[in-house]
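Worksheet for the structure shown next.
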Amino acid sequence: MGIIGILRPAILLLAGLAWCSELVAAAGRVDGVFNVKEYGARGDGTTDDTKAFVDAWTAACRARGSPATLLVPAANSFIVGPTRFSGPCASTRITVQVMGTITAPPAGAWRELEYWLMFYQVHGLTVTGGSTGLLDGRGGTWWRKKCKDHADCISRAPTGLVVMNCIDVELSQFHSKDSPQMHIAVSMSSNVNVAQLTITAPWDSPNTDGVHIDRSDHVRVTGSTIGTGDDCVSIGSGTRFVTVDGIVCGPGHGVSVGSLGKKGAAVSVEYIDVRNVQFINTMNGARIKTWQGGKGYAKSISFTDINFTNVEHPVVINQFYVDRHHVPNNMGAVALSNITYTNLSGTSRRKTAVEFDCSESGSCTNIHVNSVAITAADGGGTVARCRNVQGDTSGYVYPKIPCLR
Ligand SMILES: *[C@@H]1O[C@H](CO)[C@@H](O)[C@H](O)[C@H]1NC(C)=O
Ligand SMILES: *[C@@H]1O[C@H](CO)[C@@H](O)[C@H](O)[C@H]1NC(C)=O
Ligand SMILES: *[C@@H]1O[C@H](CO)[C@@H](O)[C@H](O)[C@H]1NC(C)=O
């Protein structure tokens with residue numbers, strides 16, 4: 001028997017294995033499902049499965065001309081480090097079906113500090129959890145971290161899930177918890193639906209906004225429960241046509257437009273529709289905040305059908321946000337106009353339930369308040385405070401707002 005004869009069984013075995021893996025790859029292509037376990041993910045809660053996720057994404061993204069699903073199976077916990085899932089993809093749409101848990105590495109084990117999971121330049125993306133999916137950012141390992149100073153620590157913590165430069169996106173039915181910094185950031189994107197999410201972090205966790213939106217248009221955040229250490233939803237500059245509808249918010253800092261105009265930046269925000277929100281034990285409710293010295297505008301913003309339970313500052317416009325380290329050299333302000341509050345009710349933790357604090361440059365105009373009844377949580381009366389605001393009220397408005405017509 002020659003050497004080939006001896007090796008023959010081994011050669012057959014290898015050929016068979018190659019044929020099998022061809023089949024697996026082909027199966028992925030046929031039914032369009034790319035299971036991370038078929039790409040080597042262990043899901044045992046200790047192995048780093050980042051490479052398997054990247055490989056499964058790459059395969060799904062290459063599925064030319066058909067929809068593809070990247071499957072993260074249930075009853076598994078996958079450790080995935082900071083990863084950018086990039087498009088454009090050849091597949092018509094990618095669904096990331098997160099049935100199991102995706103867990104971040106602990107602070108200290110990160111290479112990338114800007115984000116954890118980023119979707120970049122994808123057109124047609126769904127990330128959905130079918131109610132069992134969990135993204136666990138292990139923020140606790142960051143919040144306790146020792147840094148030079150507290151601000152340094154916060155600014156270096158990564159955002160959980162980033163949707164950047166994407167079009168036509170749905171994020172739905174998963175739980176995002178304990179992100180090191182913001183949980184979800186939608187940036188430079190268009191047509192984004194965020195629906196039926198649960199987002200949680202401790203009330204005292206730093207900068208853990210639920211959903212942050214900037215430089216984007218046509219974004220909807222609906223039917224979600226958000227309770228974190230910062231804003232439930234925050235809306236930044238360059239943002240148009242945002243709807244926030246059906247949110248239970250608390251604990252946290254409320255729904256905020258801003259802060260806008262930091263370090264004299266020129267901003268534009270318009271057509272923001274916030275409705276049907278319940279604020280429970282939050283620091284703020286409906287808030288618009290701009291930095292002193294900012295330029296540009298925020299206009300056509302409405303807050304409708306809002307209920308407050310024991311909220312510290314239910315309704316706030318503040319044009320005097322100041323950075324102690326950067327005293328602005330011009331005293332201009334981001335112009336706020338056409339802002340409408342309709343049907344606001346509930347209770348305030350403090351006596352001052354409404355604060356409109358605008359700069360003397362006359363940049364708060366056409367502020368409309370219709371039907372408001374906010375009493376004090378302790379059963380007492382409430383008051384409104386305002387400076388430099390122009391606008392009117394209609395219907396029953398309590399507390400009475402002295403500077404509006
Ligand atoms: C004021 O804002 C509302 C949306 O809240 C919008 O429909 C309306 O067109 C705006 N009006 C003006 C004059 O810009
Ligand atoms: C006012 O808002 C509450 C939610 O806070 C809602 O239940 C109620 O139907 C709204 N009222 C009207 C007249 O739309
Ligand atoms: C609004 O909140 C108040 C105070 O918590 C509560 O008593 C009331 O039932 C709520 N109303 C609606 C319509 O949710």
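Ordering of the structure tokens sets the chain letters (A, B, ...), residue numbers begin anew at 1 in every chain, and ligands are numbered from 1 in the order given.
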Nearby residues (only C-alpha atoms) at most 10 Å from region 357-372 of chain A, same-chain spacing under 6 positions excluded, as an MDAnalysis selection string: chainID A and resid 289:290 292:293 297:307 316:320 331:346 385:401 404:405
- request: Tell me which protein, DNA and RNA residues are within 12 Å of Ile272 (chain A), counting only C-alpha atoms, leaving out same-chain ones fewer than 5 positions away, and put them as an NGL selection string.
  value: :A and (213 or 216-221 or 233-245 or 255-258 or 286 or 288 or 298-304 or 338-341)
task: Using DSSP on the backbone coordinates, identify the residues of region 32-125 of chain A assigned to strand (DSSP E or B); present them as a VMD selection string.
output: chain A and resid 33 to 35 44 to 48 68 to 72 77 to 79 83 to 86 94 to 98 101 to 103 115 to 120 123 to 125
Give me a file of those residues, with C-alpha atoms, as a CSV table (one decimal), in the first residue's frame.
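The resulting file, out10.csv, is shown below:
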```
chain,number,residue,atom,x,y,z
A,33,VAL,CA,-30.9,32.4,8.0
A,34,PHE,CA,-27.4,33.0,9.2
A,35,ASN,CA,-27.2,31.5,12.7
A,44,ASP,CA,-21.7,30.1,26.8
A,45,GLY,CA,-21.4,33.4,28.5
A,46,THR,CA,-17.6,33.3,28.7
A,47,THR,CA,-16.2,32.8,25.2
A,48,ASP,CA,-15.7,35.9,23.1
A,68,ALA,CA,-31.3,37.8,5.2
A,69,THR,CA,-31.7,37.0,8.9
A,70,LEU,CA,-28.8,37.0,11.3
A,71,LEU,CA,-30.0,34.8,14.1
A,72,VAL,CA,-28.9,35.1,17.7
A,77,SER,CA,-25.5,34.4,26.2
A,78,PHE,CA,-23.0,35.7,23.6
A,79,ILE,CA,-20.1,37.9,24.7
A,83,THR,CA,-18.3,45.8,16.6
A,84,ARG,CA,-19.3,47.7,13.5
A,85,PHE,CA,-21.8,46.0,11.3
A,86,SER,CA,-21.3,47.8,8.1
A,94,ILE,CA,-31.2,42.4,7.1
A,95,THR,CA,-33.0,41.3,10.2
A,96,VAL,CA,-30.9,40.8,13.3
A,97,GLN,CA,-33.1,38.5,15.3
A,98,VAL,CA,-31.9,38.6,18.9
A,101,THR,CA,-28.6,37.7,25.2
A,102,ILE,CA,-25.7,39.7,23.8
A,103,THR,CA,-23.4,40.8,26.6
A,115,TYR,CA,-19.6,52.5,20.8
A,116,TRP,CA,-20.5,48.8,21.5
A,117,LEU,CA,-22.6,47.7,18.6
A,118,MET,CA,-22.8,50.0,15.6
A,119,PHE,CA,-24.9,49.5,12.4
A,120,TYR,CA,-23.3,51.7,9.8
A,123,HIS,CA,-30.3,50.4,4.1
A,124,GLY,CA,-33.1,48.2,5.3
A,125,LEU,CA,-32.3,46.9,8.8
```
For ligand 3, the closest of A:Asn281, A:Asn276, A:Ser348, A:Thr309 counting only C-alpha atoms and all ligand atoms is A:Thr309
Separating atom 9 (O, counted along the ligand's line) of ligand 1 from CA of Glu270 (chain A), to the nearest tenth of an Å, is a gap of 10.1 Å
